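**Q** Compact mmCIF, C-alpha atoms and all ligand atoms, saved as structure_35.txt, coming up:
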# COMPACT_ATOMS: atom_id res chain seq x y z
CA MET A 1 0.00 0.00 0.00
CA THR A 2 1.44 3.36 -0.98
CA ARG A 3 0.41 6.79 0.17
CA PHE A 4 -0.74 8.05 -3.23
CA GLN A 5 -3.56 6.60 -5.28
CA GLY A 6 -2.89 5.43 -8.81
CA ARG A 7 -3.79 2.77 -11.33
CA ALA A 8 -1.14 0.08 -11.51
CA ASP A 9 -2.84 -1.26 -14.66
CA PHE A 10 -2.50 1.91 -16.75
CA ARG A 11 -1.36 1.54 -20.34
CA HIS A 12 0.94 3.93 -22.17
CA ASP A 13 -1.11 3.70 -25.33
CA GLU A 14 -4.43 4.46 -23.59
CA PRO A 15 -6.13 7.43 -25.25
CA ALA A 16 -6.25 10.42 -22.87
CA SER A 17 -9.88 11.26 -22.43
CA LEU A 18 -11.51 14.39 -21.06
CA GLY A 19 -13.39 14.05 -17.77
CA ILE A 20 -16.12 16.42 -16.73
CA LEU A 21 -17.16 16.43 -13.11
CA VAL A 22 -20.50 18.16 -12.63
CA THR A 23 -21.14 19.01 -8.99
CA ASN A 24 -23.89 20.38 -6.81
CA LEU A 25 -24.53 20.75 -3.11
CA GLY A 26 -26.05 17.36 -2.29
CA THR A 27 -29.10 16.19 -0.51
CA PRO A 28 -30.17 13.64 2.14
CA ASP A 29 -30.76 9.96 1.22
CA GLU A 30 -34.28 9.93 2.66
CA PRO A 31 -36.70 12.50 4.08
CA THR A 32 -36.27 11.12 7.61
CA PRO A 33 -34.73 12.67 10.76
CA PRO A 34 -31.79 10.18 10.93
CA ALA A 35 -30.91 10.76 7.24
CA LEU A 36 -31.22 14.53 7.75
CA ARG A 37 -28.98 14.33 10.79
CA ARG A 38 -26.21 12.60 8.78
CA TYR A 39 -26.55 15.07 5.89
CA LEU A 40 -26.69 18.21 8.05
CA LYS A 41 -23.76 17.03 10.18
CA GLU A 42 -21.53 16.69 7.12
CA PHE A 43 -22.81 19.93 5.51
CA LEU A 44 -22.76 22.15 8.60
CA SER A 45 -19.36 20.87 9.80
CA ASP A 46 -17.74 22.41 6.71
CA PRO A 47 -15.72 25.46 7.92
CA ARG A 48 -16.52 27.25 4.64
CA VAL A 49 -20.26 26.96 5.41
CA VAL A 50 -20.28 28.04 9.04
CA GLU A 51 -17.43 30.40 9.91
CA ILE A 52 -17.74 30.37 13.69
CA PRO A 53 -14.73 29.31 15.86
CA ARG A 54 -14.73 25.50 15.80
CA PRO A 55 -15.08 24.65 19.53
CA LEU A 56 -18.03 27.03 19.94
CA TRP A 57 -19.70 25.80 16.72
CA TRP A 58 -19.14 22.15 17.73
CA LEU A 59 -21.16 22.80 20.89
CA ILE A 60 -23.97 24.63 19.07
CA LEU A 61 -24.12 22.11 16.21
CA ASN A 62 -24.18 18.99 18.37
CA GLY A 63 -26.01 20.49 21.34
CA ILE A 64 -28.79 22.38 19.54
CA VAL A 65 -28.89 22.28 15.72
CA LEU A 66 -28.61 18.50 15.22
CA ARG A 67 -31.19 17.87 17.94
CA THR A 68 -33.86 20.15 16.50
CA ARG A 69 -33.36 20.81 12.79
CA PRO A 70 -33.38 17.23 11.36
CA ALA A 71 -37.04 16.61 12.24
CA LYS A 72 -38.20 19.98 10.89
CA SER A 73 -36.16 19.68 7.70
CA ALA A 74 -37.33 16.08 7.17
CA GLU A 75 -40.94 17.31 7.07
CA ALA A 76 -40.04 19.87 4.43
CA TYR A 77 -38.15 17.30 2.34
CA ALA A 78 -41.09 14.87 2.61
CA ARG A 79 -43.31 17.49 0.91
CA VAL A 80 -41.11 17.59 -2.22
CA TRP A 81 -39.86 13.97 -2.30
CA THR A 82 -40.82 11.99 -5.42
CA GLY A 83 -40.65 8.38 -6.60
CA ARG A 84 -37.11 9.19 -7.81
CA GLY A 85 -36.06 10.60 -4.44
CA SER A 86 -34.84 14.11 -3.78
CA PRO A 87 -35.65 16.56 -6.62
CA LEU A 88 -32.16 18.07 -6.44
CA LEU A 89 -30.61 14.68 -7.21
CA SER A 90 -33.05 13.56 -9.92
CA ASN A 91 -32.91 16.95 -11.68
CA CYS A 92 -29.10 16.90 -11.64
CA GLU A 93 -29.08 13.32 -12.95
CA ASP A 94 -31.34 14.33 -15.84
CA MET A 95 -29.13 17.32 -16.63
CA VAL A 96 -25.93 15.27 -16.62
CA GLU A 97 -27.52 12.61 -18.83
CA ALA A 98 -28.69 15.18 -21.38
CA LEU A 99 -25.37 17.05 -21.30
CA GLU A 100 -23.42 13.81 -21.73
CA LYS A 101 -25.39 12.95 -24.88
CA LYS A 102 -24.64 16.34 -26.42
CA LEU A 103 -20.96 16.36 -25.45
CA LYS A 104 -20.31 12.79 -26.55
CA SER A 105 -21.61 13.61 -30.00
CA ARG A 106 -19.75 16.93 -30.12
CA PHE A 107 -16.41 15.48 -28.98
CA SER A 108 -16.76 12.18 -30.84
CA GLY A 109 -17.27 10.16 -27.66
CA ARG A 110 -13.93 11.02 -26.01
CA VAL A 111 -15.52 12.60 -22.97
CA GLU A 112 -16.65 11.12 -19.66
CA LEU A 113 -19.23 12.87 -17.45
CA VAL A 114 -19.99 12.16 -13.81
CA LEU A 115 -22.08 13.79 -11.11
CA GLY A 116 -20.57 14.34 -7.67
CA MET A 117 -22.25 15.96 -4.68
CA ARG A 118 -20.31 18.06 -2.17
CA TYR A 119 -22.26 16.44 0.70
CA GLY A 120 -24.04 13.08 0.66
CA LYS A 121 -24.23 10.74 -2.34
CA PRO A 122 -23.02 10.30 -5.03
CA SER A 123 -19.92 11.77 -3.40
CA ILE A 124 -17.22 13.77 -5.14
CA GLU A 125 -14.72 11.07 -4.00
CA SER A 126 -16.63 8.32 -5.81
CA ALA A 127 -17.10 10.50 -8.91
CA LEU A 128 -13.36 11.25 -9.10
CA GLU A 129 -12.51 7.58 -8.54
CA SER A 130 -14.72 6.61 -11.43
CA LEU A 131 -13.02 9.19 -13.69
CA GLN A 132 -9.60 7.96 -12.58
CA ALA A 133 -10.60 4.37 -13.36
CA ARG A 134 -11.68 5.46 -16.85
CA GLY A 135 -8.21 6.89 -17.50
CA VAL A 136 -9.21 10.53 -17.56
CA ARG A 137 -6.11 12.69 -18.01
CA ARG A 138 -7.78 16.09 -18.30
CA LEU A 139 -10.37 17.17 -15.78
CA LEU A 140 -12.88 20.01 -16.05
CA VAL A 141 -15.06 20.71 -13.01
CA LEU A 142 -18.43 22.34 -13.53
CA PRO A 143 -20.11 23.23 -10.21
CA LEU A 144 -23.77 24.06 -10.81
CA TYR A 145 -23.42 27.39 -9.01
CA PRO A 146 -23.74 30.27 -11.50
CA GLN A 147 -22.74 32.80 -8.80
CA TYR A 148 -19.46 32.22 -6.92
CA ALA A 149 -19.61 31.88 -3.13
CA SER A 150 -16.89 30.67 -0.80
CA SER A 151 -19.44 28.41 0.93
CA THR A 152 -20.38 26.62 -2.32
CA THR A 153 -17.84 26.97 -5.17
CA GLY A 154 -14.94 27.58 -2.78
CA SER A 155 -15.83 24.57 -0.70
CA THR A 156 -16.09 22.41 -3.83
CA PHE A 157 -12.64 23.54 -4.99
CA GLU A 158 -11.17 22.72 -1.58
CA LYS A 159 -12.76 19.26 -1.54
CA ILE A 160 -11.62 18.34 -5.06
CA THR A 161 -8.08 19.65 -4.76
CA GLY A 162 -7.77 17.85 -1.39
CA ILE A 163 -8.62 14.56 -3.10
CA LEU A 164 -6.49 15.21 -6.20
CA SER A 165 -3.49 16.05 -4.05
CA ARG A 166 -3.46 12.37 -3.04
CA TRP A 167 -3.43 11.12 -6.65
CA ARG A 168 -0.17 9.72 -7.96
CA TRP A 169 -0.63 10.91 -11.57
CA MET A 170 -2.15 14.40 -11.57
CA PRO A 171 -4.64 15.24 -14.26
CA GLU A 172 -4.59 18.56 -16.08
CA PHE A 173 -7.16 20.55 -14.15
CA ARG A 174 -9.62 23.35 -14.85
CA MET A 175 -12.71 24.56 -13.02
CA VAL A 176 -15.57 26.89 -13.91
CA THR A 177 -15.79 29.18 -10.89
CA SER A 178 -18.87 31.15 -11.99
CA TYR A 179 -21.03 31.84 -15.02
CA HIS A 180 -23.36 34.49 -13.58
CA ASP A 181 -23.02 36.79 -16.62
CA ASP A 182 -22.73 34.17 -19.36
CA ALA A 183 -24.82 35.31 -22.36
CA GLY A 184 -26.35 31.86 -22.89
CA TYR A 185 -27.35 31.59 -19.22
CA VAL A 186 -28.92 35.05 -19.22
CA GLN A 187 -30.74 34.23 -22.46
CA ALA A 188 -32.01 30.89 -21.11
CA LEU A 189 -33.34 32.59 -17.96
CA ALA A 190 -35.04 35.35 -19.96
CA ASN A 191 -36.61 32.76 -22.29
CA SER A 192 -37.90 30.74 -19.34
CA ILE A 193 -39.49 33.83 -17.78
CA ARG A 194 -41.16 34.81 -21.08
CA GLU A 195 -42.43 31.25 -21.44
CA HIS A 196 -43.79 31.35 -17.88
CA TRP A 197 -45.59 34.66 -18.57
CA TYR A 198 -47.04 33.17 -21.74
CA GLN A 199 -48.26 30.02 -19.95
CA ARG A 200 -49.46 31.49 -16.66
CA GLY A 201 -49.90 35.20 -17.19
CA ARG A 202 -47.64 38.05 -16.14
CA GLY A 203 -47.59 39.22 -12.52
CA GLU A 204 -47.34 42.81 -11.29
CA ARG A 205 -43.74 42.36 -10.21
CA LEU A 206 -40.83 40.00 -10.90
CA MET A 207 -38.78 38.94 -7.89
CA PHE A 208 -35.28 37.48 -8.34
CA SER A 209 -34.75 35.45 -5.17
CA PHE A 210 -31.23 34.13 -4.47
CA HIS A 211 -29.99 31.95 -1.61
CA GLY A 212 -28.41 34.24 0.99
CA ILE A 213 -25.02 34.20 2.70
CA PRO A 214 -23.98 35.87 5.98
CA LYS A 215 -23.42 39.61 5.44
CA PHE A 216 -19.98 39.54 7.09
CA THR A 217 -18.69 37.13 4.44
CA PHE A 218 -19.71 39.59 1.71
CA LEU A 219 -17.96 42.41 3.59
CA ALA A 220 -14.89 40.17 3.87
CA GLY A 221 -14.62 39.90 0.07
CA ASP A 222 -17.05 37.27 -1.19
CA PRO A 223 -18.23 38.33 -4.70
CA TYR A 224 -21.55 36.46 -4.39
CA HIS A 225 -23.71 39.53 -3.75
CA CYS A 226 -22.33 41.31 -6.84
CA HIS A 227 -22.73 38.19 -8.98
CA CYS A 228 -26.40 37.85 -7.97
CA HIS A 229 -27.14 41.49 -8.73
CA LYS A 230 -25.39 41.28 -12.09
CA THR A 231 -27.36 38.20 -13.16
CA ALA A 232 -30.66 39.84 -12.22
CA ARG A 233 -29.75 43.11 -13.92
CA LEU A 234 -28.76 41.39 -17.17
CA VAL A 235 -31.94 39.28 -17.26
CA ALA A 236 -34.14 42.29 -16.43
CA HIS A 237 -32.49 44.30 -19.23
CA ARG A 238 -32.93 41.47 -21.69
CA LEU A 239 -36.63 41.38 -20.76
CA GLY A 240 -36.85 45.15 -21.16
CA LEU A 241 -38.05 45.65 -17.57
CA LYS A 242 -38.12 49.10 -16.00
CA GLU A 243 -37.20 50.02 -12.44
CA GLY A 244 -40.01 49.09 -10.06
CA GLU A 245 -40.91 46.03 -12.14
CA TRP A 246 -38.11 43.79 -10.83
CA PHE A 247 -36.44 43.24 -7.43
CA VAL A 248 -33.55 41.25 -5.95
CA THR A 249 -34.01 39.47 -2.61
CA PHE A 250 -32.21 36.79 -0.59
CA GLN A 251 -33.80 33.67 0.90
CA SER A 252 -32.94 30.62 3.10
CA ARG A 253 -31.12 32.37 5.93
CA PHE A 254 -29.64 30.20 8.62
CA GLY A 255 -28.63 31.09 12.18
CA LYS A 256 -28.72 34.32 14.15
CA ALA A 257 -26.27 36.53 12.21
CA GLU A 258 -27.41 39.12 9.67
CA TRP A 259 -27.54 37.79 6.08
CA LEU A 260 -27.70 39.58 2.74
CA LYS A 261 -30.75 41.81 2.54
CA PRO A 262 -33.51 42.41 1.60
CA TYR A 263 -34.86 39.08 2.82
CA THR A 264 -37.31 37.31 0.50
CA ASP A 265 -39.86 36.48 3.23
CA GLU A 266 -39.88 40.00 4.76
CA THR A 267 -40.23 41.57 1.31
CA LEU A 268 -43.19 39.32 0.48
CA GLU A 269 -44.88 40.16 3.79
CA ALA A 270 -44.41 43.87 3.09
CA TRP A 271 -45.74 43.51 -0.46
CA GLY A 272 -48.73 41.57 0.84
CA GLY A 273 -49.40 44.38 3.33
CA GLU A 274 -49.30 46.91 0.48
CA GLY A 275 -51.92 44.86 -1.37
CA VAL A 276 -49.66 43.79 -4.26
CA GLY A 277 -51.53 41.30 -6.47
CA ASP A 278 -50.08 38.35 -8.38
CA ILE A 279 -46.28 38.21 -8.71
CA ASP A 280 -43.67 36.00 -10.38
CA VAL A 281 -40.62 34.68 -8.54
CA VAL A 282 -37.55 33.29 -10.29
CA CYS A 283 -34.52 31.76 -8.51
CA PRO A 284 -31.57 32.00 -10.95
CA GLY A 285 -29.04 30.75 -8.37
CA PHE A 286 -30.62 27.29 -8.44
CA PRO A 287 -30.02 25.63 -11.84
CA ALA A 288 -31.94 22.60 -10.57
CA ASP A 289 -35.17 22.66 -8.62
CA CYS A 290 -34.67 21.57 -5.03
CA LEU A 291 -36.01 22.01 -1.51
CA GLU A 292 -35.22 25.73 -1.50
CA THR A 293 -37.30 26.45 -4.60
CA LEU A 294 -40.09 23.87 -4.54
CA ASP A 295 -40.83 24.08 -0.83
CA GLU A 296 -39.46 27.36 0.49
CA ILE A 297 -40.54 29.55 -2.45
CA ALA A 298 -43.36 27.76 -4.28
CA PHE A 299 -45.04 26.53 -1.08
CA GLU A 300 -44.02 28.32 2.14
CA ASN A 301 -43.43 31.80 0.73
CA ALA A 302 -46.46 31.58 -1.56
CA GLU A 303 -48.58 30.91 1.52
CA LEU A 304 -46.89 33.70 3.48
CA PHE A 305 -47.52 36.22 0.68
CA GLN A 306 -51.22 35.35 0.43
CA GLU A 307 -51.70 35.37 4.20
CA ALA A 308 -50.14 38.84 4.32
CA GLY A 309 -52.76 40.08 1.85
CA GLY A 310 -50.94 39.51 -1.47
CA GLY A 311 -52.14 37.71 -4.57
CA LYS A 312 -50.75 34.53 -6.09
CA LEU A 313 -47.01 33.84 -6.03
CA ARG A 314 -46.18 32.09 -9.29
CA TYR A 315 -42.82 30.36 -9.23
CA VAL A 316 -40.83 30.22 -12.48
CA PRO A 317 -39.35 26.69 -12.58
CA ALA A 318 -35.56 26.25 -12.58
CA LEU A 319 -33.91 25.65 -15.95
CA ASN A 320 -33.36 21.97 -15.03
CA ALA A 321 -32.84 19.75 -18.12
CA SER A 322 -34.49 22.15 -20.58
CA GLU A 323 -33.09 22.37 -24.11
CA ASP A 324 -31.84 25.96 -23.61
CA HIS A 325 -30.10 25.07 -20.38
CA ILE A 326 -28.32 22.01 -21.74
CA HIS A 327 -27.30 23.99 -24.82
CA MET A 328 -25.80 26.76 -22.71
CA LEU A 329 -23.99 24.32 -20.42
CA GLN A 330 -22.60 22.54 -23.45
CA GLU A 331 -21.23 25.80 -24.86
CA LEU A 332 -19.80 26.72 -21.44
CA VAL A 333 -17.99 23.38 -21.16
CA ALA A 334 -16.66 23.64 -24.73
CA ARG A 335 -15.29 27.12 -24.05
CA HIS A 336 -13.61 26.12 -20.80
CA ALA A 337 -12.13 22.98 -22.36
CA ALA A 338 -10.88 24.88 -25.42
CA GLY A 339 -7.37 23.98 -26.49
CA TRP A 340 -7.47 20.50 -25.02
CA PRO A 341 -6.89 18.02 -27.87
CA GLU A 342 -10.16 16.08 -27.42
CA VAL A 343 -12.07 19.28 -27.92
CA SER A 344 -10.25 20.28 -31.07
CA ARG A 345 -10.76 16.83 -32.53
CA GLN A 346 -14.38 17.30 -33.53
CA SER A 347 -15.23 16.31 -37.08
CA ARG A 348 -15.33 18.92 -39.84
CA GLU A 349 -19.09 18.49 -40.23
CA GLN A 350 -19.60 19.01 -36.47
CA ALA A 351 -17.43 22.14 -36.51
CA VAL A 352 -19.42 23.57 -39.44
CA GLN A 353 -22.72 22.68 -37.74
CA ALA A 354 -21.61 24.28 -34.43
CA ALA A 355 -20.59 27.49 -36.23
CA GLU A 356 -23.94 27.60 -38.07
CA ASP A 357 -25.88 27.02 -34.81
CA SER A 358 -24.05 29.76 -32.98
CA GLN A 359 -24.55 32.18 -35.92
CA ALA A 360 -28.29 31.41 -35.95
CA ARG A 361 -28.52 32.03 -32.20
CA ALA A 362 -26.60 35.31 -32.50
CA LEU A 363 -29.00 36.47 -35.23
CA GLN A 364 -31.99 35.44 -33.12
CA MET A 365 -30.61 37.27 -30.06
CA GLY A 366 -29.93 40.37 -32.21
CA ALA A 367 -33.50 40.30 -33.53
CA GLU A 368 -34.88 40.22 -30.00
CA ARG A 369 -32.92 43.26 -28.84
C1 LIG B 1 -27.29 28.39 -4.40
C2 LIG B 1 -26.27 28.54 -3.61
C3 LIG B 1 -26.23 28.25 -2.18
C4 LIG B 1 -25.57 29.00 -1.22
C5 LIG B 1 -24.76 30.24 -1.45
C6 LIG B 1 -25.78 28.37 0.04
C7 LIG B 1 -25.28 28.82 1.25
C8 LIG B 1 -25.61 28.32 2.50
N1 LIG B 1 -26.57 27.36 2.82
C9 LIG B 1 -26.62 27.13 4.18
C10 LIG B 1 -27.48 26.24 4.86
C11 LIG B 1 -28.39 25.33 4.28
N2 LIG B 1 -28.69 25.25 2.93
C12 LIG B 1 -29.54 24.19 2.72
C13 LIG B 1 -30.05 23.75 1.51
C14 LIG B 1 -29.59 24.15 0.24
N3 LIG B 1 -28.70 25.18 -0.04
C15 LIG B 1 -28.48 25.24 -1.39
C16 LIG B 1 -27.65 26.15 -2.08
C17 LIG B 1 -26.87 27.13 -1.47
N4 LIG B 1 -26.55 27.26 -0.15
C18 LIG B 1 -29.27 24.21 -2.01
C19 LIG B 1 -29.28 23.90 -3.48
C20 LIG B 1 -29.98 23.56 -1.00
C21 LIG B 1 -31.04 22.47 -1.20
C22 LIG B 1 -30.55 21.09 -1.01
C23 LIG B 1 -31.62 20.06 -1.33
O1 LIG B 1 -31.43 18.94 -0.84
O2 LIG B 1 -32.62 20.28 -2.03
C24 LIG B 1 -29.80 23.55 3.98
C25 LIG B 1 -30.57 22.23 4.18
C26 LIG B 1 -32.02 22.33 4.26
C27 LIG B 1 -32.47 22.83 5.58
O3 LIG B 1 -32.28 22.16 6.59
O4 LIG B 1 -32.96 23.96 5.59
C28 LIG B 1 -29.09 24.27 4.95
C29 LIG B 1 -29.02 23.98 6.42
C30 LIG B 1 -25.63 27.99 4.75
C31 LIG B 1 -25.33 28.06 6.25
C32 LIG B 1 -25.01 28.73 3.72
C33 LIG B 1 -23.95 29.75 3.71
C34 LIG B 1 -23.12 30.10 4.59
FE FE B 2 -27.92 26.50 1.43
FE FE B 3 -22.22 44.09 -4.59
Please express the file's structure as structure tokens.
**A**
Amino acid sequence: MTRFQGRADFRHDEPASLGILVTNLGTPDEPTPPALRRYLKEFLSDPRVVEIPRPLWWLILNGIVLRTRPAKSAEAYARVWTGRGSPLLSNCEDMVEALEKKLKSRFSGRVELVLGMRYGKPSIESALESLQARGVRRLLVLPLYPQYASSTTGSTFEKITGILSRWRWMPEFRMVTSYHDDAGYVQALANSIREHWYQRGRGERLMFSFHGIPKFTFLAGDPYHCHCHKTARLVAHRLGLKEGEWFVTFQSRFGKAEWLKPYTDETLEAWGGEGVGDIDVVCPGFPADCLETLDEIAFENAELFQEAGGGKLRYVPALNASEDHIHMLQELVARHAAGWPEVSRQSREQAVQAAEDSQARALQMGAER
């Protein structure tokens, strides 16, 4: 047994393939208190998620949080659980499957995709092991976090580099650290909002609700707040919205400290009090629908808004495995993998087709402006 992990059976003539590790936060195995306890313990023990001195946090986490929160969270998860399990996991699986199909055809099959979750299963360790076993020599990591935060993207980087530092043969390594202002992402969000208006009618206001982070982490240099505002501004401009028609808020706060403001729930209560009628809420920070969108926004906050005197809260679904989303992710991956031989080795017909597609999209986007 040696200290560093490698494959004793590697062959010199093995073709070097490109590995793409798609990651997200992760989710519990079951909507039960014991499963929630395991998941929350792993998640909330991460020093990038809770930045309180360790001994004090250990006492709070084990003495209070893990005794009370698992049961409450399990009830919320039970409301969104489906035959395929947690929506976050099944939506990510669908996205990876669709993206894999596109990329395999674009890169003539020389690409391997896996899904790894930062907490819970399938773990990032197992995903990287599977890429190592498939002889991946070039690794691109795509965390499904459009806006960078230390607690999400930063934590994922730390986890992956910690594992890779124990590999014997290092892969070439790249990572997408944010895509909050990517033109394809902005376009896909704008299209999904237009489609939602077309299907369900247009509300009086459009709320962009993002997951929050503690305010002190923003003041200490986390770009997350700026990334969220830029995404919302670009989408609002693409939709031609005027001031007073769109708003940015932050949801899902945790603990006693102040988080980014304005808070989604407080804003909705205030709007309800003012007698605002039907509204639309979109959550661009969540590429896949999950507990925080399906339960917190579409259920809990919808109820809160109506009880406060507001109209209907209509949630715009996440991009999930939609055609536009998979297309934009495919382009993002191709750009970040540019220059790596597998990527350049697409057939002439594919290269011509890709150029024609992108020209058609540029024309379409120009026509909409
Ligand atoms: C979209 C980006 C996210 C950021 C930024 C983020 C920061 C953050 N979250 C917590 C605490 C919790 N988050 C929980 C769920 C959850 N969070 C995100 C994304 C971000 N979190 C997602 C996608 C999910 C849903 C997971 C799912 O299974 O569907 C939870 C668990 C649920 C609960 O018990 O309420 C906690 C806890 C902190 C402390 C934090 C930043 C410091
Ligand atoms: Fe979170
Ligand atoms: Fe900012």
**Q** What do you get as a compact mmCIF listing (two decimals) with C-alpha atoms, in the coordinates of the input if you pick all residues at most 8 Å from ligand LIG 1 (chain B), counting all atoms listed in the file?
**A**
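selection-v8.txt written:
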# COMPACT_ATOMS: atom_id res chain seq x y z
CA ASN A 24 -23.89 20.38 -6.81
CA LEU A 25 -24.53 20.75 -3.11
CA GLY A 26 -26.05 17.36 -2.29
CA THR A 27 -29.10 16.19 -0.51
CA PRO A 28 -30.17 13.64 2.14
CA LEU A 36 -31.22 14.53 7.75
CA LEU A 40 -26.69 18.21 8.05
CA PHE A 43 -22.81 19.93 5.51
CA LEU A 44 -22.76 22.15 8.60
CA ARG A 48 -16.52 27.25 4.64
CA VAL A 49 -20.26 26.96 5.41
CA VAL A 50 -20.28 28.04 9.04
CA GLU A 51 -17.43 30.40 9.91
CA ARG A 69 -33.36 20.81 12.79
CA PRO A 70 -33.38 17.23 11.36
CA LYS A 72 -38.20 19.98 10.89
CA SER A 73 -36.16 19.68 7.70
CA ALA A 74 -37.33 16.08 7.17
CA TYR A 77 -38.15 17.30 2.34
CA SER A 86 -34.84 14.11 -3.78
CA PRO A 87 -35.65 16.56 -6.62
CA LEU A 88 -32.16 18.07 -6.44
CA LEU A 89 -30.61 14.68 -7.21
CA TYR A 145 -23.42 27.39 -9.01
CA GLN A 147 -22.74 32.80 -8.80
CA TYR A 148 -19.46 32.22 -6.92
CA ALA A 149 -19.61 31.88 -3.13
CA SER A 150 -16.89 30.67 -0.80
CA SER A 151 -19.44 28.41 0.93
CA THR A 152 -20.38 26.62 -2.32
CA PHE A 210 -31.23 34.13 -4.47
CA HIS A 211 -29.99 31.95 -1.61
CA GLY A 212 -28.41 34.24 0.99
CA ILE A 213 -25.02 34.20 2.70
CA PRO A 214 -23.98 35.87 5.98
CA TYR A 224 -21.55 36.46 -4.39
CA SER A 252 -32.94 30.62 3.10
CA ARG A 253 -31.12 32.37 5.93
CA PHE A 254 -29.64 30.20 8.62
CA GLY A 255 -28.63 31.09 12.18
CA GLY A 285 -29.04 30.75 -8.37
CA PHE A 286 -30.62 27.29 -8.44
CA ALA A 288 -31.94 22.60 -10.57
CA ASP A 289 -35.17 22.66 -8.62
CA CYS A 290 -34.67 21.57 -5.03
CA LEU A 291 -36.01 22.01 -1.51
CA GLU A 292 -35.22 25.73 -1.50
**Q** As a quick test: using only C-alpha atoms and all ligand atoms, which residues lie no more than 9 Å away from ligand FE 3 (chain B)? Give them as a compact mmCIF listing (two decimals) with C-alpha atoms, in the frame of the given file.
**A**
# COMPACT_ATOMS: atom_id res chain seq x y z
CA PHE A 218 -19.71 39.59 1.71
CA PRO A 223 -18.23 38.33 -4.70
CA TYR A 224 -21.55 36.46 -4.39
CA HIS A 225 -23.71 39.53 -3.75
CA CYS A 226 -22.33 41.31 -6.84
CA HIS A 227 -22.73 38.19 -8.98
CA CYS A 228 -26.40 37.85 -7.97
CA HIS A 229 -27.14 41.49 -8.73
CA LYS A 230 -25.39 41.28 -12.09
**Q** Counting all atoms listed in the file, which of A:Gly272, A:Gln251, A:Leu142, A:Arg166 gets nearest to ligand FE 2 (chain B)?
**A** A:Gln251
**Q** Measure the distance from CA of Glu204 (chain A) to atom FE of ligand FE 2 (chain B) in Å and round it to one decimal.
**A**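 The value is 28.4 Å.
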**Q** Here is a test: counting all atoms listed in the file, which residue of A:Arg110, A:Arg118, A:Arg238, A:Arg200 is nearest to ligand FE 2 (chain B)?
**A** A:Arg118
**Q** Have a look at CA of Ala257 (chain A) and CA of Gly221 (chain A) and let me know their distance in Å, one decimal.
**A** 17.2 Å
**Q** Excluding Arg335 (chain A) and residues on its chain fewer than 4 positions from it, collect all residues at most 12 Å away from it, counting only C-alpha atoms, and give them as number ranges by chain.
**A** A: 140, 142, 174-176, 179, 182, 328-331, 339-340, 343-344
**Q** Can you tell me how far CA of Thr2 (chain A) sits from CA of Glu158 (chain A), in Å to one decimal?
**A**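 CA of Glu158 (chain A) lies 23.1 Å from CA of Thr2 (chain A).
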**Q** From the list A:Gly162, A:Gly310, A:Gly85, A:Pro143, which residue is nearest Val276 (chain A) when using all atoms listed in the file?
**A**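 Selected residue with least distance to Val276 (chain A): A:Gly310.
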**Q** In terms of the shortest atom-to-atom distance over only C-alpha atoms and all ligand atoms, which of A:Tyr119, A:Glu356, A:His327, A:Val235 is closest to ligand FE 2 (chain B)?
**A**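 Between A:Tyr119, A:Glu356, A:His327, A:Val235, the residue approaching ligand FE 2 (chain B) most closely is A:Tyr119.
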**Q** My list of candidates is A:Pro31, A:Arg202, A:Thr293, A:Pro341. Which is closest to ligand FE 2 (chain B) when distances are computed with only C-alpha atoms and all ligand atoms?
**A** A:Thr293
**Q** So, with all atoms listed in the file as the atoms that count, which of A:Thr161, A:Gln132, A:Ser108, A:Thr68 lies closest to Pro33 (chain A)?
**A**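 Ranked by minimum distance to Pro33 (chain A), first place goes to A:Thr68.
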**Q** Could you pull the residues within 8 Å of Gly116 (chain A), counting all atoms listed in the file, minus those fewer than 4 positions along the same chain, as a list of chain:residue names?
**A**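 What passes the distance filter is A:Leu21, A:Val22, A:Thr23, A:Asn24, A:Lys121, A:Pro122, A:Ser123, A:Ile124, A:Glu125, A:Ser126, A:Ala127, A:Leu128.
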**Q** In the coordinate frame of the file, compute which residues have an atom within 9 Å of (-32.1, 23.5, -14.0) when using only C-alpha atoms, and state them as a list in words.
**A**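 The distance filter leaves exactly Asn91, Cys92, Met95, Leu144, Phe286, Pro287, Ala288, Asp289, Pro317, Ala318, Leu319, Asn320, Ala321, Ser322, His325 and Ile326 of chain A.
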**Q** N, CA and C atoms are needed for region 191-196 of chain A; please write them out as a PDB file, keeping the file's coordinate frame.
**A**
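Once everything was written out, this is part.pdb:
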ATOM      1  N   ASN A 191     -35.649  33.592 -21.527  1.00  0.00           N
ATOM      2  CA  ASN A 191     -36.610  32.760 -22.290  1.00  0.00           C
ATOM      3  C   ASN A 191     -37.568  32.038 -21.351  1.00  0.00           C
ATOM      4  N   SER A 192     -37.038  31.519 -20.242  1.00  0.00           N
ATOM      5  CA  SER A 192     -37.900  30.740 -19.340  1.00  0.00           C
ATOM      6  C   SER A 192     -38.933  31.649 -18.661  1.00  0.00           C
ATOM      7  N   ILE A 193     -38.547  32.892 -18.398  1.00  0.00           N
ATOM      8  CA  ILE A 193     -39.490  33.830 -17.780  1.00  0.00           C
ATOM      9  C   ILE A 193     -40.577  34.226 -18.796  1.00  0.00           C
ATOM     10  N   ARG A 194     -40.163  34.482 -20.035  1.00  0.00           N
ATOM     11  CA  ARG A 194     -41.160  34.810 -21.080  1.00  0.00           C
ATOM     12  C   ARG A 194     -42.139  33.657 -21.263  1.00  0.00           C
ATOM     13  N   GLU A 195     -41.593  32.448 -21.270  1.00  0.00           N
ATOM     14  CA  GLU A 195     -42.430  31.250 -21.440  1.00  0.00           C
ATOM     15  C   GLU A 195     -43.434  31.126 -20.281  1.00  0.00           C
ATOM     16  N   HIS A 196     -42.946  31.407 -19.080  1.00  0.00           N
ATOM     17  CA  HIS A 196     -43.790  31.350 -17.880  1.00  0.00           C
ATOM     18  C   HIS A 196     -44.914  32.403 -17.981  1.00  0.00           C
TER      19      HIS A 196
END
